[in-house]
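Below is the file protein-v8.cif, which contains mmCIF, C-alpha atoms.
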data_protein
#
loop_
_atom_site.label_atom_id
_atom_site.label_comp_id
_atom_site.auth_asym_id
_atom_site.auth_seq_id
_atom_site.Cartn_x
_atom_site.Cartn_y
_atom_site.Cartn_z
CA MET A 14 -30.77 27.54 123.70
CA ASP A 15 -33.11 24.59 124.30
CA SER A 16 -31.30 21.30 123.62
CA THR A 17 -34.19 20.16 121.38
CA GLU A 18 -34.07 23.34 119.30
CA PRO A 19 -32.17 22.85 116.03
CA ARG A 20 -28.91 24.74 115.69
CA GLU A 21 -28.00 26.77 112.68
CA PHE A 22 -24.95 25.46 110.86
CA SER A 23 -23.36 28.87 110.44
CA GLU A 24 -20.22 29.87 108.56
CA ARG A 25 -18.44 29.88 111.91
CA TRP A 26 -19.25 26.18 112.45
CA ARG A 27 -18.31 25.37 108.88
CA MET A 28 -14.92 27.03 109.32
CA ARG A 29 -14.34 25.17 112.58
CA LEU A 30 -15.19 21.90 110.88
CA LEU A 31 -12.85 22.63 107.97
CA ALA A 32 -10.07 23.66 110.36
CA ALA A 33 -10.57 20.40 112.27
CA GLN A 34 -10.16 18.49 108.98
CA THR A 35 -6.82 20.22 108.45
CA ASP A 36 -5.80 19.35 112.01
CA LEU A 37 -6.83 15.72 111.45
CA ILE A 38 -4.77 15.43 108.28
CA ASP A 39 -1.80 17.03 110.05
CA ALA A 40 -2.23 14.65 113.02
CA TYR A 41 -2.19 11.69 110.64
CA GLY A 42 1.08 12.84 109.09
CA GLY A 43 0.06 15.20 106.31
CA CYS A 44 -1.58 15.10 102.90
CA LYS A 45 1.01 12.82 101.34
CA ARG A 46 0.49 10.14 103.96
CA VAL A 47 -3.31 10.32 103.59
CA VAL A 48 -2.95 9.90 99.81
CA GLU A 49 -0.60 6.93 100.24
CA LYS A 50 -2.45 5.12 103.01
CA LEU A 51 -6.07 5.70 102.01
CA SER A 52 -5.69 5.56 98.21
CA VAL A 53 -7.38 8.92 97.78
CA SER A 54 -6.33 11.35 95.05
CA LYS A 55 -3.91 14.13 95.91
CA SER A 56 -6.33 16.76 94.60
CA GLN A 57 -9.17 15.43 96.77
CA VAL A 58 -7.04 15.47 99.90
CA GLY A 59 -5.96 19.00 98.95
CA ARG A 60 -9.62 20.07 98.80
CA TRP A 61 -10.12 18.67 102.31
CA TYR A 62 -6.93 20.25 103.60
CA GLY A 63 -7.20 23.86 102.50
CA GLY A 64 -7.77 26.34 99.76
CA VAL A 65 -10.68 28.43 98.59
CA ASP A 66 -13.06 25.70 97.42
CA ARG A 67 -12.84 23.28 100.32
CA ASP A 68 -14.82 20.07 100.56
CA THR A 69 -15.94 18.38 103.74
CA MET A 70 -14.52 14.91 104.30
CA PRO A 71 -16.81 11.90 103.95
CA THR A 72 -17.72 10.35 107.28
CA PRO A 73 -15.90 7.03 106.57
CA ILE A 74 -12.66 8.95 105.88
CA VAL A 75 -13.07 10.95 109.10
CA MET A 76 -13.71 7.73 111.02
CA ALA A 77 -10.68 6.00 109.50
CA LEU A 78 -8.31 8.90 110.18
CA GLU A 79 -9.60 9.49 113.69
CA GLY A 80 -9.22 5.77 114.34
CA TYR A 81 -5.61 5.94 113.22
CA VAL A 82 -4.74 9.01 115.28
CA GLY A 83 -6.83 7.90 118.25
CA ARG A 84 -8.52 11.26 118.77
CA PRO A 85 -11.94 12.58 117.70
CA ILE A 86 -10.65 15.78 116.08
CA VAL A 87 -13.46 16.36 113.57
CA THR A 88 -16.05 14.39 115.51
CA ALA A 89 -15.46 16.62 118.55
CA ILE A 90 -16.61 19.64 116.52
CA MET A 91 -19.72 17.78 115.37
CA ILE A 92 -20.53 16.70 118.92
CA GLU A 93 -19.99 20.22 120.21
CA PHE A 94 -22.31 21.57 117.49
CA LEU A 95 -25.01 19.19 118.69
CA GLY A 96 -24.58 20.43 122.26
CA PHE A 97 -23.10 17.21 123.63
CA GLU A 98 -19.78 16.37 125.30
CA LEU A 99 -17.21 13.65 124.81
CA THR A 100 -16.52 11.62 127.93
CA GLY A 101 -13.87 9.01 128.56
CA ASN A 102 -12.03 6.88 126.08
CA ALA A 103 -13.24 3.30 126.20
CA ALA A 104 -10.97 2.29 123.31
CA ALA A 105 -7.83 3.52 125.07
CA ARG A 106 -8.84 1.75 128.27
CA GLU A 107 -9.47 -1.42 126.27
CA ARG A 108 -6.00 -1.19 124.64
CA GLU A 109 -4.39 -0.64 128.05
CA PHE A 110 -6.29 -3.61 129.47
CA CYS A 111 -5.24 -5.73 126.50
CA LEU A 112 -1.60 -4.70 126.97
CA SER A 113 -1.75 -5.60 130.65
CA MET A 114 -3.28 -8.98 129.86
CA LEU A 115 -0.67 -9.70 127.18
CA ASN A 116 2.13 -8.76 129.57
CA ALA A 117 0.68 -11.01 132.26
CA ASP A 118 0.42 -13.87 129.74
CA LEU A 119 4.03 -13.25 128.66
CA VAL A 120 5.30 -13.38 132.25
CA GLU A 121 3.33 -16.58 132.87
CA ALA A 122 4.60 -18.23 129.67
CA ALA A 123 8.21 -17.25 130.43
CA GLY A 124 7.84 -18.56 133.99
CA ASN A 125 6.43 -21.85 132.71
CA MET A 126 9.29 -22.19 130.26
CA MET A 127 11.79 -21.54 133.04
CA VAL A 128 10.21 -24.25 135.21
CA GLU A 129 10.15 -26.75 132.33
CA THR A 130 13.76 -25.93 131.43
CA VAL A 131 14.88 -26.66 135.00
CA ARG A 132 12.91 -29.93 134.99
CA ALA A 133 14.34 -30.95 131.62
CA LYS A 134 17.91 -30.30 132.80
CA ALA A 135 17.41 -31.99 136.18
CA ASP A 136 18.76 -35.32 134.95
CA GLY A 137 21.59 -33.64 133.07
CA ILE A 138 20.19 -34.27 129.59
CA ILE A 139 17.46 -32.63 127.51
CA THR A 140 15.60 -35.28 125.52
CA PRO A 141 14.14 -34.62 122.05
CA ALA A 142 10.63 -34.67 123.54
CA GLU A 143 11.63 -32.11 126.15
CA ALA A 144 13.30 -29.98 123.47
CA ILE A 145 10.10 -30.06 121.40
CA ALA A 146 8.03 -29.01 124.43
CA LEU A 147 10.46 -26.16 125.19
CA ARG A 148 10.39 -25.00 121.54
CA ASN A 149 6.59 -24.91 121.65
CA GLN A 150 6.72 -22.77 124.79
CA SER A 151 9.33 -20.54 123.17
CA ARG A 152 7.08 -20.05 120.13
CA GLN A 153 4.19 -19.13 122.43
CA ILE A 154 6.41 -16.50 124.07
CA GLY A 155 7.37 -15.19 120.61
CA LYS A 156 3.70 -14.90 119.61
CA LEU A 157 2.91 -12.95 122.77
CA GLN A 158 5.88 -10.64 122.17
CA ALA A 159 4.69 -10.05 118.59
CA GLN A 160 1.17 -9.21 119.82
CA ILE A 161 2.59 -6.74 122.34
CA ASP A 162 4.80 -5.18 119.65
CA ASP A 163 1.80 -4.87 117.29
CA LEU A 164 -0.31 -3.21 119.97
CA LEU A 165 2.44 -0.75 120.86
CA ALA A 166 3.20 -0.02 117.18
CA ALA A 167 -0.48 0.77 116.60
CA THR A 168 -0.38 3.21 119.51
CA VAL A 169 2.74 4.90 118.10
CA ALA A 170 1.11 5.15 114.65
CA ARG A 171 -2.09 6.58 116.11
CA GLU A 172 -0.20 9.20 118.11
CA GLY A 173 2.16 10.08 115.25
CA GLY A 174 5.35 9.09 117.08
CA GLY A 175 8.48 7.62 115.57
CA ALA A 176 9.47 4.00 115.75
#

Would you mind giving the structure from this file in structure tokens?
Amino acid sequence: MDSTEPREFSERWRMRLLAAQTDLIDAYGGCKRVVEKLSVSKSQVGRWYGGVDRDTMPTPIVMALEGYVGRPIVTAIMIEFLGFELTGNAAAREREFCLSMLNADLVEAAGNMMVETVRAKADGIITPAEAIALRNQSRQIGKLQAQIDDLLAATVAREGGGA
């Protein structure tokens, strides 16, 4: 088939799309979780999930769920229908890069705090000014740890793992 020639959206493609919707809902954690997290009615999610009179999901819902699970489950069917291919995962690479940068920042901040702690204790006494400076560095370390935890929690949520 010529790539410029329009494709017929047959019953086979429709069934694949509807099956992908079911897979997407399952990947997100099931109908109940979709209802709770996206504030969509239980009956609407049920019409997306299965049954005789199935509806197709609105694009924003597909985008939201695929963003949460981190995989183009429904979009992959649409792309395949159009005769294209998915390549790479720029978002995953960006998250990995971000995690690496946060870890590097954490190591640097902890190293700096260690150096300043040794300097502060060198004369045998930690002054209030030194204590304030060390607390500020400790807070910075805490913020970096929280950012790392948030990034990792988002990955777990997207992949459907447990905490």

Interatomic distance between atom CA of A:Arg29 and atom CA of A:Ile92?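 Going from atom CA of A:Arg29 over to atom CA of A:Ile92, I get 12.3 Å.
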
Near A:Glu93, within 12 Å and counting all atoms listed in the file, which residues show up once chain neighbours fewer than 5 positions away are dropped, as a list in words?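 Contacts, with the query itself left out: Ser16, Arg20, Phe22, Trp26, Arg29, Leu30, Pro85, Ile86, Val87, Thr88, Glu98 and Leu99 of chain A.
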
Show me, as a Markdown table, the residues of stretch 24-133 of chain A having an atom within 12 Å of stretch 137-159 of chain A, each with the closest atom pair and its distance in Å, using all atoms listed in the file.
| residue | atom | partner | partner_atom | distance |
| --- | --- | --- | --- | --- |
| A:Cys111 | CA | A:Leu157 | CA | 11.5 |
| A:Leu112 | CA | A:Leu157 | CA | 10.3 |
| A:Ser113 | CA | A:Leu157 | CA | 11.7 |
| A:Met114 | CA | A:Leu157 | CA | 10.2 |
| A:Leu115 | CA | A:Leu157 | CA | 6.5 |
| A:Asn116 | CA | A:Leu157 | CA | 8.0 |
| A:Ala117 | CA | A:Leu157 | CA | 9.9 |
| A:Asp118 | CA | A:Leu157 | CA | 7.5 |
| A:Leu119 | CA | A:Leu157 | CA | 6.0 |
| A:Val120 | CA | A:Ile154 | CA | 8.8 |
| A:Glu121 | CA | A:Ile154 | CA | 9.3 |
| A:Ala122 | CA | A:Ile154 | CA | 6.1 |
| A:Ala123 | CA | A:Ile154 | CA | 6.7 |
| A:Gly124 | CA | A:Gln150 | CA | 10.2 |
| A:Asn125 | CA | A:Gln150 | CA | 8.0 |
| A:Met126 | CA | A:Gln150 | CA | 6.1 |
| A:Met127 | CA | A:Leu147 | CA | 9.2 |
| A:Val128 | CA | A:Leu147 | CA | 10.2 |
| A:Glu129 | CA | A:Leu147 | CA | 7.2 |
| A:Thr130 | CA | A:Leu147 | CA | 7.1 |
| A:Val131 | CA | A:Gly137 | CA | 9.9 |
| A:Arg132 | CA | A:Ile139 | CA | 9.2 |
| A:Ala133 | CA | A:Ile139 | CA | 5.4 |

For the residues selected in the previous step, produce a file with C-alpha atoms as a compact mmCIF listing (two decimals), in the frame of the given file.
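Wrote it out as part01.txt, contents follow:
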# COMPACT_ATOMS: atom_id res chain seq x y z
CA CYS A 111 -5.24 -5.73 126.50
CA LEU A 112 -1.60 -4.70 126.97
CA SER A 113 -1.75 -5.60 130.65
CA MET A 114 -3.28 -8.98 129.86
CA LEU A 115 -0.67 -9.70 127.18
CA ASN A 116 2.13 -8.76 129.57
CA ALA A 117 0.68 -11.01 132.26
CA ASP A 118 0.42 -13.87 129.74
CA LEU A 119 4.03 -13.25 128.66
CA VAL A 120 5.30 -13.38 132.25
CA GLU A 121 3.33 -16.58 132.87
CA ALA A 122 4.60 -18.23 129.67
CA ALA A 123 8.21 -17.25 130.43
CA GLY A 124 7.84 -18.56 133.99
CA ASN A 125 6.43 -21.85 132.71
CA MET A 126 9.29 -22.19 130.26
CA MET A 127 11.79 -21.54 133.04
CA VAL A 128 10.21 -24.25 135.21
CA GLU A 129 10.15 -26.75 132.33
CA THR A 130 13.76 -25.93 131.43
CA VAL A 131 14.88 -26.66 135.00
CA ARG A 132 12.91 -29.93 134.99
CA ALA A 133 14.34 -30.95 131.62

Work out how far atom CA of A:Glu21 is from atom CA of A:Met70, in Å to one decimal.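 A separation of 19.8 Å between them.
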
Step by step, work through what the PyMOL selection byres ((chain A and resi 71) around 12) selects in the shown file, and finish by giving those residues as an MDAnalysis selection string. chainID A and resid 34 53 57:58 61 68:70 72:78 87:88

Using only the atoms of stretch 48-58 of chain A listed in the file, plus 4 Å on each side, state the axis-aligned box centre and edge lengths in Å rounded to one decimal, as JSON.
{"center_x": -4.9, "center_y": 10.9, "center_z": 98.8, "size_x": 16.6, "size_y": 19.6, "size_z": 16.4}

Quick one: pull the distance between atom CA of A:Thr168 and atom CA of A:Gly83, Å, one decimal.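 One can read the atom CA of A:Thr168 to atom CA of A:Gly83 distance as 8.1 Å.
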
Give as a VMD selection string the residues that the PyMOL selection byres ((chain A and resi 43-45) around 12) matches when applied to the coordinates above. chain A and resid 34 to 42 46 to 63 78 82 173

Could you model all heavy atoms for stretch 76-87 of chain A and present them as a PDB file, in the coordinates of the input?
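Listed below is the output, selection06.pdb:
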ATOM      1  N   MET A  76     -13.775   8.830 110.058  1.00  0.00           N
ATOM      2  CA  MET A  76     -13.710   7.730 111.020  1.00  0.00           C
ATOM      3  C   MET A  76     -12.388   6.981 110.908  1.00  0.00           C
ATOM      4  O   MET A  76     -11.769   6.648 111.930  1.00  0.00           O
ATOM      5  CB  MET A  76     -14.892   6.783 110.815  1.00  0.00           C
ATOM      6  CG  MET A  76     -16.221   7.404 111.195  1.00  0.00           C
ATOM      7  SD  MET A  76     -17.636   6.387 110.720  1.00  0.00           S
ATOM      8  CE  MET A  76     -17.421   4.983 111.797  1.00  0.00           C
ATOM      9  N   ALA A  77     -11.943   6.721 109.691  1.00  0.00           N
ATOM     10  CA  ALA A  77     -10.680   6.000 109.500  1.00  0.00           C
ATOM     11  C   ALA A  77      -9.517   6.807 110.067  1.00  0.00           C
ATOM     12  O   ALA A  77      -8.705   6.271 110.836  1.00  0.00           O
ATOM     13  CB  ALA A  77     -10.464   5.710 108.018  1.00  0.00           C
ATOM     14  N   LEU A  78      -9.425   8.078 109.708  1.00  0.00           N
ATOM     15  CA  LEU A  78      -8.310   8.900 110.180  1.00  0.00           C
ATOM     16  C   LEU A  78      -8.340   9.088 111.691  1.00  0.00           C
ATOM     17  O   LEU A  78      -7.306   9.010 112.350  1.00  0.00           O
ATOM     18  CB  LEU A  78      -8.294  10.251 109.463  1.00  0.00           C
ATOM     19  CG  LEU A  78      -7.955  10.208 107.972  1.00  0.00           C
ATOM     20  CD1 LEU A  78      -8.077  11.596 107.349  1.00  0.00           C
ATOM     21  CD2 LEU A  78      -6.568   9.639 107.745  1.00  0.00           C
ATOM     22  N   GLU A  79      -9.509   9.336 112.243  1.00  0.00           N
ATOM     23  CA  GLU A  79      -9.600   9.490 113.690  1.00  0.00           C
ATOM     24  C   GLU A  79      -9.265   8.184 114.398  1.00  0.00           C
ATOM     25  O   GLU A  79      -8.674   8.186 115.477  1.00  0.00           O
ATOM     26  CB  GLU A  79     -10.987   9.996 114.101  1.00  0.00           C
ATOM     27  CG  GLU A  79     -11.184  11.456 113.765  1.00  0.00           C
ATOM     28  CD  GLU A  79     -12.522  12.016 114.204  1.00  0.00           C
ATOM     29  OE1 GLU A  79     -13.465  11.229 114.473  1.00  0.00           O
ATOM     30  OE2 GLU A  79     -12.634  13.245 114.282  1.00  0.00           O
ATOM     31  N   GLY A  80      -9.610   7.071 113.779  1.00  0.00           N
ATOM     32  CA  GLY A  80      -9.220   5.770 114.340  1.00  0.00           C
ATOM     33  C   GLY A  80      -7.722   5.602 114.358  1.00  0.00           C
ATOM     34  O   GLY A  80      -7.148   5.106 115.324  1.00  0.00           O
ATOM     35  N   TYR A  81      -7.063   6.047 113.287  1.00  0.00           N
ATOM     36  CA  TYR A  81      -5.610   5.940 113.220  1.00  0.00           C
ATOM     37  C   TYR A  81      -4.920   6.850 114.227  1.00  0.00           C
ATOM     38  O   TYR A  81      -3.949   6.456 114.863  1.00  0.00           O
ATOM     39  CB  TYR A  81      -5.099   6.279 111.823  1.00  0.00           C
ATOM     40  CG  TYR A  81      -5.435   5.267 110.769  1.00  0.00           C
ATOM     41  CD1 TYR A  81      -5.940   5.670 109.543  1.00  0.00           C
ATOM     42  CD2 TYR A  81      -5.234   3.903 110.977  1.00  0.00           C
ATOM     43  CE1 TYR A  81      -6.253   4.755 108.558  1.00  0.00           C
ATOM     44  CE2 TYR A  81      -5.554   2.982 110.004  1.00  0.00           C
ATOM     45  CZ  TYR A  81      -6.056   3.405 108.791  1.00  0.00           C
ATOM     46  OH  TYR A  81      -6.373   2.484 107.829  1.00  0.00           O
ATOM     47  N   VAL A  82      -5.399   8.078 114.366  1.00  0.00           N
ATOM     48  CA  VAL A  82      -4.740   9.010 115.280  1.00  0.00           C
ATOM     49  C   VAL A  82      -5.217   8.848 116.718  1.00  0.00           C
ATOM     50  O   VAL A  82      -4.590   9.346 117.638  1.00  0.00           O
ATOM     51  CB  VAL A  82      -4.861  10.494 114.831  1.00  0.00           C
ATOM     52  CG1 VAL A  82      -4.272  10.704 113.461  1.00  0.00           C
ATOM     53  CG2 VAL A  82      -6.283  10.992 114.891  1.00  0.00           C
ATOM     54  N   GLY A  83      -6.338   8.175 116.905  1.00  0.00           N
ATOM     55  CA  GLY A  83      -6.830   7.900 118.250  1.00  0.00           C
ATOM     56  C   GLY A  83      -7.465   9.083 118.952  1.00  0.00           C
ATOM     57  O   GLY A  83      -7.567   9.093 120.173  1.00  0.00           O
ATOM     58  N   ARG A  84      -7.891  10.075 118.179  1.00  0.00           N
ATOM     59  CA  ARG A  84      -8.520  11.260 118.770  1.00  0.00           C
ATOM     60  C   ARG A  84      -9.676  11.706 117.888  1.00  0.00           C
ATOM     61  O   ARG A  84      -9.543  11.742 116.670  1.00  0.00           O
ATOM     62  CB  ARG A  84      -7.514  12.400 118.904  1.00  0.00           C
ATOM     63  CG  ARG A  84      -6.422  12.132 119.891  1.00  0.00           C
ATOM     64  CD  ARG A  84      -5.563  13.355 120.191  1.00  0.00           C
ATOM     65  NE  ARG A  84      -5.248  14.191 119.051  1.00  0.00           N
ATOM     66  CZ  ARG A  84      -4.118  14.125 118.342  1.00  0.00           C
ATOM     67  NH1 ARG A  84      -3.204  13.231 118.622  1.00  0.00           N
ATOM     68  NH2 ARG A  84      -3.898  14.942 117.344  1.00  0.00           N
ATOM     69  N   PRO A  85     -10.796  12.111 118.477  1.00  0.00           N
ATOM     70  CA  PRO A  85     -11.940  12.580 117.700  1.00  0.00           C
ATOM     71  C   PRO A  85     -11.819  14.050 117.325  1.00  0.00           C
ATOM     72  O   PRO A  85     -12.535  14.900 117.843  1.00  0.00           O
ATOM     73  CB  PRO A  85     -13.117  12.320 118.641  1.00  0.00           C
ATOM     74  CG  PRO A  85     -12.524  12.532 120.004  1.00  0.00           C
ATOM     75  CD  PRO A  85     -11.104  12.011 119.902  1.00  0.00           C
ATOM     76  N   ILE A  86     -10.941  14.379 116.413  1.00  0.00           N
ATOM     77  CA  ILE A  86     -10.650  15.780 116.080  1.00  0.00           C
ATOM     78  C   ILE A  86     -11.823  16.436 115.358  1.00  0.00           C
ATOM     79  O   ILE A  86     -12.280  17.510 115.755  1.00  0.00           O
ATOM     80  CB  ILE A  86      -9.348  15.867 115.255  1.00  0.00           C
ATOM     81  CG1 ILE A  86      -8.175  15.357 116.106  1.00  0.00           C
ATOM     82  CG2 ILE A  86      -9.098  17.293 114.772  1.00  0.00           C
ATOM     83  CD1 ILE A  86      -6.883  15.176 115.344  1.00  0.00           C
ATOM     84  N   VAL A  87     -12.310  15.823 114.313  1.00  0.00           N
ATOM     85  CA  VAL A  87     -13.460  16.360 113.570  1.00  0.00           C
ATOM     86  C   VAL A  87     -14.751  16.032 114.305  1.00  0.00           C
ATOM     87  O   VAL A  87     -15.642  16.880 114.439  1.00  0.00           O
ATOM     88  CB  VAL A  87     -13.483  15.821 112.124  1.00  0.00           C
ATOM     89  CG1 VAL A  87     -14.757  16.230 111.395  1.00  0.00           C
ATOM     90  CG2 VAL A  87     -12.254  16.305 111.350  1.00  0.00           C
TER      91      VAL A  87
END
